[in-house]
Amino acid sequence: MHALVIGGTGRTGKLVIDELLHRGHEATTLARNPSALGGPLARLNIVEGTPTNLEEVRGAFKSHTPDVVIVTLNAPRASDSPFAAPISSPTLMADCNTNVVTAMKEFGVRKIVIMQAFGVGESWTNMNCMLQLFMKKSNMYLQYDDHNAVTEIVKESGIDYVLVRPSRLVESEEKSVKVWPGHGKGVPLMASTSRVGVAGFLVDAAEGREWDHSEPVISN
Ligand SMILES: NC(=O)c1ccc[n+]([C@@H]2O[C@H](COP(=O)([O-])OP(=O)(O)OC[C@H]3O[C@@H](n4cnc5c(N)ncnc54)[C@H](OP(=O)(O)O)[C@@H]3O)[C@@H](O)[C@H]2O)c1
């Protein structure tokens, strides 16, 4: 399998690339700053550019047409604090995914796997009310609105998708993940997911068809 990773310089994106290569796959990534990837790797094709620019997204597809796209973008704030000011457009992820979906259609690529967050889509209804309040009162609602816009774009596009919604991210080494239904009913209040676990599940979802057209919530 050859996967195009959008967001490959990020904390989860780098782990996705590691996991793809570890499983014997090939990867291309589109990077604003290729040096963030720490140098060349066998079976990794690095294309310089940004997903906000459609021509540069097309460049990544031209460089090597992938079998599948994996998106691990973030719409960053000034820090990881939920109250930190946003430092990107409120439609960053929607804009980037619009470009990616456009290129996928042009190049005949059928499947996208996107990292989102527990609380996006129908999983919002089963998020604990304390967490809902926290999301609404902090700046995190901006990311949720953006992820929800991405959901609409991808579902309307007609391409095959898996929208993966991890609970709170942590840096543990736990690789196994529990997969919850899209409504997220039963996810514990303090549930968390390791980035390495998310990366493994994103690659699982890209490799197989079991999760196609679904929006699983995951936790460790
Ligand atoms: N924090 C949590 O507890 C939590 C829980 C569940 C889900 N999530 C989701 O996890 C995702 C974040 O994952 P992460 O922490 O691994 O991300 P991250 O380390 O912040 O990486 C973000 C990626 O997005 C790219 N990016 C950011 N701003 C960009 C811009 N303006 N233009 C182009 N590319 C840009 C970065 O590229 P550069 O390297 O070039 O900047 C990088 O590749 C978010 O979608 C979030 O909603 C978070």
# chains A, B, ... in the order shown; residues from 1 in each chain; ligands from 1

call {"tool": "closest_atom_pairs", "arguments": {"of": "chain A", "to": "ligand 1", "cutoff": "8 Å", "atoms": "only C-alpha atoms and all ligand atoms", "output": "JSON lines"}}
result
{"residue": "A:Ile6", "atom": "CA", "partner": "ligand 1", "partner_atom_place_in_ligand_line": "43 (O)", "distance": 6.9}
{"residue": "A:Gly7", "atom": "CA", "partner": "ligand 1", "partner_atom_place_in_ligand_line": "43 (O)", "distance": 3.3}
{"residue": "A:Gly8", "atom": "CA", "partner": "ligand 1", "partner_atom_place_in_ligand_line": "43 (O)", "distance": 5.0}
{"residue": "A:Thr9", "atom": "CA", "partner": "ligand 1", "partner_atom_place_in_ligand_line": "43 (O)", "distance": 3.9}
{"residue": "A:Gly10", "atom": "CA", "partner": "ligand 1", "partner_atom_place_in_ligand_line": "21 (O)", "distance": 3.1}
{"residue": "A:Arg11", "atom": "CA", "partner": "ligand 1", "partner_atom_place_in_ligand_line": "19 (O)", "distance": 3.8}
{"residue": "A:Thr12", "atom": "CA", "partner": "ligand 1", "partner_atom_place_in_ligand_line": "16 (O)", "distance": 3.6}
{"residue": "A:Gly13", "atom": "CA", "partner": "ligand 1", "partner_atom_place_in_ligand_line": "16 (O)", "distance": 5.9}
{"residue": "A:Ala31", "atom": "CA", "partner": "ligand 1", "partner_atom_place_in_ligand_line": "40 (O)", "distance": 6.0}
{"residue": "A:Arg32", "atom": "CA", "partner": "ligand 1", "partner_atom_place_in_ligand_line": "40 (O)", "distance": 4.7}
{"residue": "A:Asn33", "atom": "CA", "partner": "ligand 1", "partner_atom_place_in_ligand_line": "40 (O)", "distance": 5.6}
{"residue": "A:Ala36", "atom": "CA", "partner": "ligand 1", "partner_atom_place_in_ligand_line": "39 (O)", "distance": 6.8}
{"residue": "A:Thr50", "atom": "CA", "partner": "ligand 1", "partner_atom_place_in_ligand_line": "33 (C)", "distance": 5.3}
{"residue": "A:Pro51", "atom": "CA", "partner": "ligand 1", "partner_atom_place_in_ligand_line": "33 (C)", "distance": 5.7}
{"residue": "A:Thr52", "atom": "CA", "partner": "ligand 1", "partner_atom_place_in_ligand_line": "32 (N)", "distance": 6.0}
{"residue": "A:Thr72", "atom": "CA", "partner": "ligand 1", "partner_atom_place_in_ligand_line": "13 (O)", "distance": 5.9}
{"residue": "A:Leu73", "atom": "CA", "partner": "ligand 1", "partner_atom_place_in_ligand_line": "24 (O)", "distance": 3.7}
{"residue": "A:Asn74", "atom": "CA", "partner": "ligand 1", "partner_atom_place_in_ligand_line": "44 (C)", "distance": 4.0}
{"residue": "A:Ala75", "atom": "CA", "partner": "ligand 1", "partner_atom_place_in_ligand_line": "28 (N)", "distance": 5.3}
{"residue": "A:Pro76", "atom": "CA", "partner": "ligand 1", "partner_atom_place_in_ligand_line": "28 (N)", "distance": 5.6}
{"residue": "A:Asp80", "atom": "CA", "partner": "ligand 1", "partner_atom_place_in_ligand_line": "1 (N)", "distance": 7.0}
{"residue": "A:Ile87", "atom": "CA", "partner": "ligand 1", "partner_atom_place_in_ligand_line": "31 (N)", "distance": 8.0}
{"residue": "A:Ser88", "atom": "CA", "partner": "ligand 1", "partner_atom_place_in_ligand_line": "31 (N)", "distance": 5.5}
{"residue": "A:Ser89", "atom": "CA", "partner": "ligand 1", "partner_atom_place_in_ligand_line": "31 (N)", "distance": 7.3}
{"residue": "A:Leu92", "atom": "CA", "partner": "ligand 1", "partner_atom_place_in_ligand_line": "31 (N)", "distance": 6.5}
{"residue": "A:Cys96", "atom": "CA", "partner": "ligand 1", "partner_atom_place_in_ligand_line": "33 (C)", "distance": 7.7}
{"residue": "A:Met115", "atom": "CA", "partner": "ligand 1", "partner_atom_place_in_ligand_line": "45 (O)", "distance": 6.0}
{"residue": "A:Gln116", "atom": "CA", "partner": "ligand 1", "partner_atom_place_in_ligand_line": "45 (O)", "distance": 5.0}
{"residue": "A:Ala117", "atom": "CA", "partner": "ligand 1", "partner_atom_place_in_ligand_line": "7 (C)", "distance": 3.7}
{"residue": "A:Phe118", "atom": "CA", "partner": "ligand 1", "partner_atom_place_in_ligand_line": "6 (C)", "distance": 6.0}
{"residue": "A:Gln143", "atom": "CA", "partner": "ligand 1", "partner_atom_place_in_ligand_line": "47 (O)", "distance": 6.0}
{"residue": "A:Tyr144", "atom": "CA", "partner": "ligand 1", "partner_atom_place_in_ligand_line": "47 (O)", "distance": 7.1}
{"residue": "A:His147", "atom": "CA", "partner": "ligand 1", "partner_atom_place_in_ligand_line": "47 (O)", "distance": 7.3}
{"residue": "A:Arg165", "atom": "CA", "partner": "ligand 1", "partner_atom_place_in_ligand_line": "7 (C)", "distance": 6.4}
{"residue": "A:Pro166", "atom": "CA", "partner": "ligand 1", "partner_atom_place_in_ligand_line": "6 (C)", "distance": 4.7}
{"residue": "A:Ser167", "atom": "CA", "partner": "ligand 1", "partner_atom_place_in_ligand_line": "6 (C)", "distance": 4.9}
{"residue": "A:Arg168", "atom": "CA", "partner": "ligand 1", "partner_atom_place_in_ligand_line": "3 (O)", "distance": 3.6}
{"residue": "A:Leu169", "atom": "CA", "partner": "ligand 1", "partner_atom_place_in_ligand_line": "3 (O)", "distance": 3.9}
{"residue": "A:Val170", "atom": "CA", "partner": "ligand 1", "partner_atom_place_in_ligand_line": "3 (O)", "distance": 6.9}
{"residue": "A:Ser192", "atom": "CA", "partner": "ligand 1", "partner_atom_place_in_ligand_line": "3 (O)", "distance": 7.9}
{"residue": "A:Thr193", "atom": "CA", "partner": "ligand 1", "partner_atom_place_in_ligand_line": "5 (C)", "distance": 7.8}
{"residue": "A:Arg195", "atom": "CA", "partner": "ligand 1", "partner_atom_place_in_ligand_line": "16 (O)", "distance": 7.0}

call {"tool": "residues_around", "arguments": {"residues": "Val203 of chain A", "least_positions_apart": "6", "cutoff": "12 Å", "atoms": "only C-alpha atoms", "output": "PyMOL selection string"}}
result
chain A and resi 1-5+12-13+15-27+68-72+112-115+162+164+196-197+209+211

call {"tool": "residues_around", "arguments": {"residues": "Asn126 of chain A", "least_positions_apart": "3", "cutoff": "10 Å", "atoms": "only C-alpha atoms", "output": "number ranges by chain"}}
result
A: 118-119, 122-123, 129, 132, 182-187

call {"tool": "write_last_selection", "arguments": {"atoms": "C-alpha atoms", "output": "PDB file, in the first residue's frame"}}
result
ATOM      1  CA  PHE A 118     -14.309  12.274  20.427  1.00  0.00           C
ATOM      2  CA  GLY A 119     -17.195  14.765  20.538  1.00  0.00           C
ATOM      3  CA  GLU A 122     -22.918  12.141  16.638  1.00  0.00           C
ATOM      4  CA  SER A 123     -20.420  11.345  19.425  1.00  0.00           C
ATOM      5  CA  CYS A 129     -21.953  17.255  30.020  1.00  0.00           C
ATOM      6  CA  GLN A 132     -19.284  19.562  26.669  1.00  0.00           C
ATOM      7  CA  GLY A 182     -19.827   6.248  16.413  1.00  0.00           C
ATOM      8  CA  HIS A 183     -22.281   7.494  19.050  1.00  0.00           C
ATOM      9  CA  GLY A 184     -19.593   7.007  21.698  1.00  0.00           C
ATOM     10  CA  LYS A 185     -22.063   5.754  24.322  1.00  0.00           C
ATOM     11  CA  GLY A 186     -20.188   4.297  27.322  1.00  0.00           C
ATOM     12  CA  VAL A 187     -16.867   6.083  26.779  1.00  0.00           C
TER      13      VAL A 187
END

call {"tool": "atom_distance", "arguments": {"atom1": "atom CA of Val217 of chain A", "atom2": "atom CA of Val109 of chain A"}}
result
24.8 Å

call {"tool": "closest_residue", "arguments": {"among": "A:Arg43, A:Lys175, A:Arg58, A:His213", "to": "Phe107 of chain A", "atoms": "only C-alpha atoms"}}
result
A:Arg58

call {"tool": "residues_around", "arguments": {"residues": "Val57 of chain A", "least_positions_apart": "6", "cutoff": "8 Å", "atoms": "only C-alpha atoms", "output": "compact mmCIF listing (two decimals) with C-alpha atoms, in the first residue's frame"}}
result
# COMPACT_ATOMS: atom_id res chain seq x y z
CA LEU A 30 3.36 16.81 2.02
CA GLY A 49 4.28 22.14 0.21
CA THR A 50 1.18 22.89 2.22
CA PRO A 51 -2.28 21.30 2.18
CA ASN A 99 -8.17 20.44 -1.45
CA VAL A 100 -7.34 16.82 -0.66
CA ALA A 103 -7.18 16.00 -5.78

call {"tool": "select_by_dssp", "arguments": {"residues": "chain A", "states": "strand (DSSP E)", "output": "MDAnalysis selection string"}}
result
chainID A and resid 2:6 26:31 44:48 68:71 111:115 160:166 168:170 178:180 192:194 217:219

call {"tool": "select_by_dssp", "arguments": {"residues": "segment 30-214 of chain A", "states": "helix (DSSP H, G or I)", "output": "JSON, numbers by chain"}}
result
{"A": [34, 35, 36, 37, 54, 55, 56, 57, 58, 59, 60, 61, 62, 63, 92, 93, 94, 95, 96, 97, 98, 99, 100, 101, 102, 103, 104, 105, 106, 107, 121, 122, 123, 124, 125, 126, 129, 130, 131, 132, 133, 134, 135, 136, 137, 140, 141, 142, 143, 144, 145, 146, 147, 148, 149, 150, 151, 152, 153, 154, 155, 156, 157, 195, 196, 197, 198, 199, 200, 201, 202, 203, 204, 205, 206, 207]}

call {"tool": "closest_residue", "arguments": {"among": "A:Gly108, A:Pro34, A:Pro66, A:Pro82", "to": "Gly158 of chain A", "atoms": "only C-alpha atoms"}}
result
A:Gly108

call {"tool": "closest_residue", "arguments": {"among": "A:Ala205, A:Ile218, A:Leu41, A:Ile159", "to": "Thr102 of chain A", "atoms": "only C-alpha atoms"}}
result
A:Ile159

call {"tool": "closest_atom_pairs", "arguments": {"of": "segment 11-129 of chain A", "to": "segment 151-157 of chain A", "cutoff": "8 Å", "atoms": "only C-alpha atoms", "output": "tab-separated table"}}
result
residue	atom	partner	partner_atom	distance
A:Ala94	CA	A:Ile153	CA	7.5
A:Asn97	CA	A:Ile153	CA	7.8
A:Thr98	CA	A:Ile153	CA	6.8
A:Val101	CA	A:Val154	CA	7.3
A:Gly121	CA	A:Thr151	CA	7.6

call {"tool": "write_last_selection", "arguments": {"atoms": "N, CA, C and O atoms", "output": "mmCIF file, in the first residue's frame"}}
result
data_model
loop_
_atom_site.group_PDB
_atom_site.id
_atom_site.type_symbol
_atom_site.label_atom_id
_atom_site.label_comp_id
_atom_site.auth_asym_id
_atom_site.auth_seq_id
_atom_site.Cartn_x
_atom_site.Cartn_y
_atom_site.Cartn_z
ATOM 1 N N ALA A 94 -11.044 22.235 7.234
ATOM 2 C CA ALA A 94 -12.040 22.137 6.145
ATOM 3 C C ALA A 94 -11.402 22.530 4.812
ATOM 4 O O ALA A 94 -11.602 21.860 3.790
ATOM 5 N N ASN A 97 -8.886 19.757 3.715
ATOM 6 C CA ASN A 97 -9.558 18.526 3.274
ATOM 7 C C ASN A 97 -10.331 18.742 1.979
ATOM 8 O O ASN A 97 -10.461 17.812 1.179
ATOM 9 N N THR A 98 -10.829 19.964 1.760
ATOM 10 C CA THR A 98 -11.465 20.259 0.466
ATOM 11 C C THR A 98 -10.440 20.076 -0.651
ATOM 12 O O THR A 98 -10.727 19.466 -1.693
ATOM 13 N N VAL A 101 -9.691 16.286 -1.068
ATOM 14 C CA VAL A 101 -10.794 15.571 -1.730
ATOM 15 C C VAL A 101 -10.830 15.925 -3.224
ATOM 16 O O VAL A 101 -11.051 15.055 -4.076
ATOM 17 N N GLY A 121 -19.284 15.119 15.478
ATOM 18 C CA GLY A 121 -20.398 14.371 14.886
ATOM 19 C C GLY A 121 -21.348 13.860 15.952
ATOM 20 O O GLY A 121 -21.571 14.500 16.979
#

call {"tool": "atom_distance", "arguments": {"atom1": "atom CA of Asn220 of chain A", "atom2": "atom CA of Pro188 of chain A"}}
result
10.8 Å

call {"tool": "closest_residue", "arguments": {"among": "A:Asp212, A:Ser35, A:Pro40, A:Thr65", "to": "Glu106 of chain A", "atoms": "only C-alpha atoms"}}
result
A:Thr65
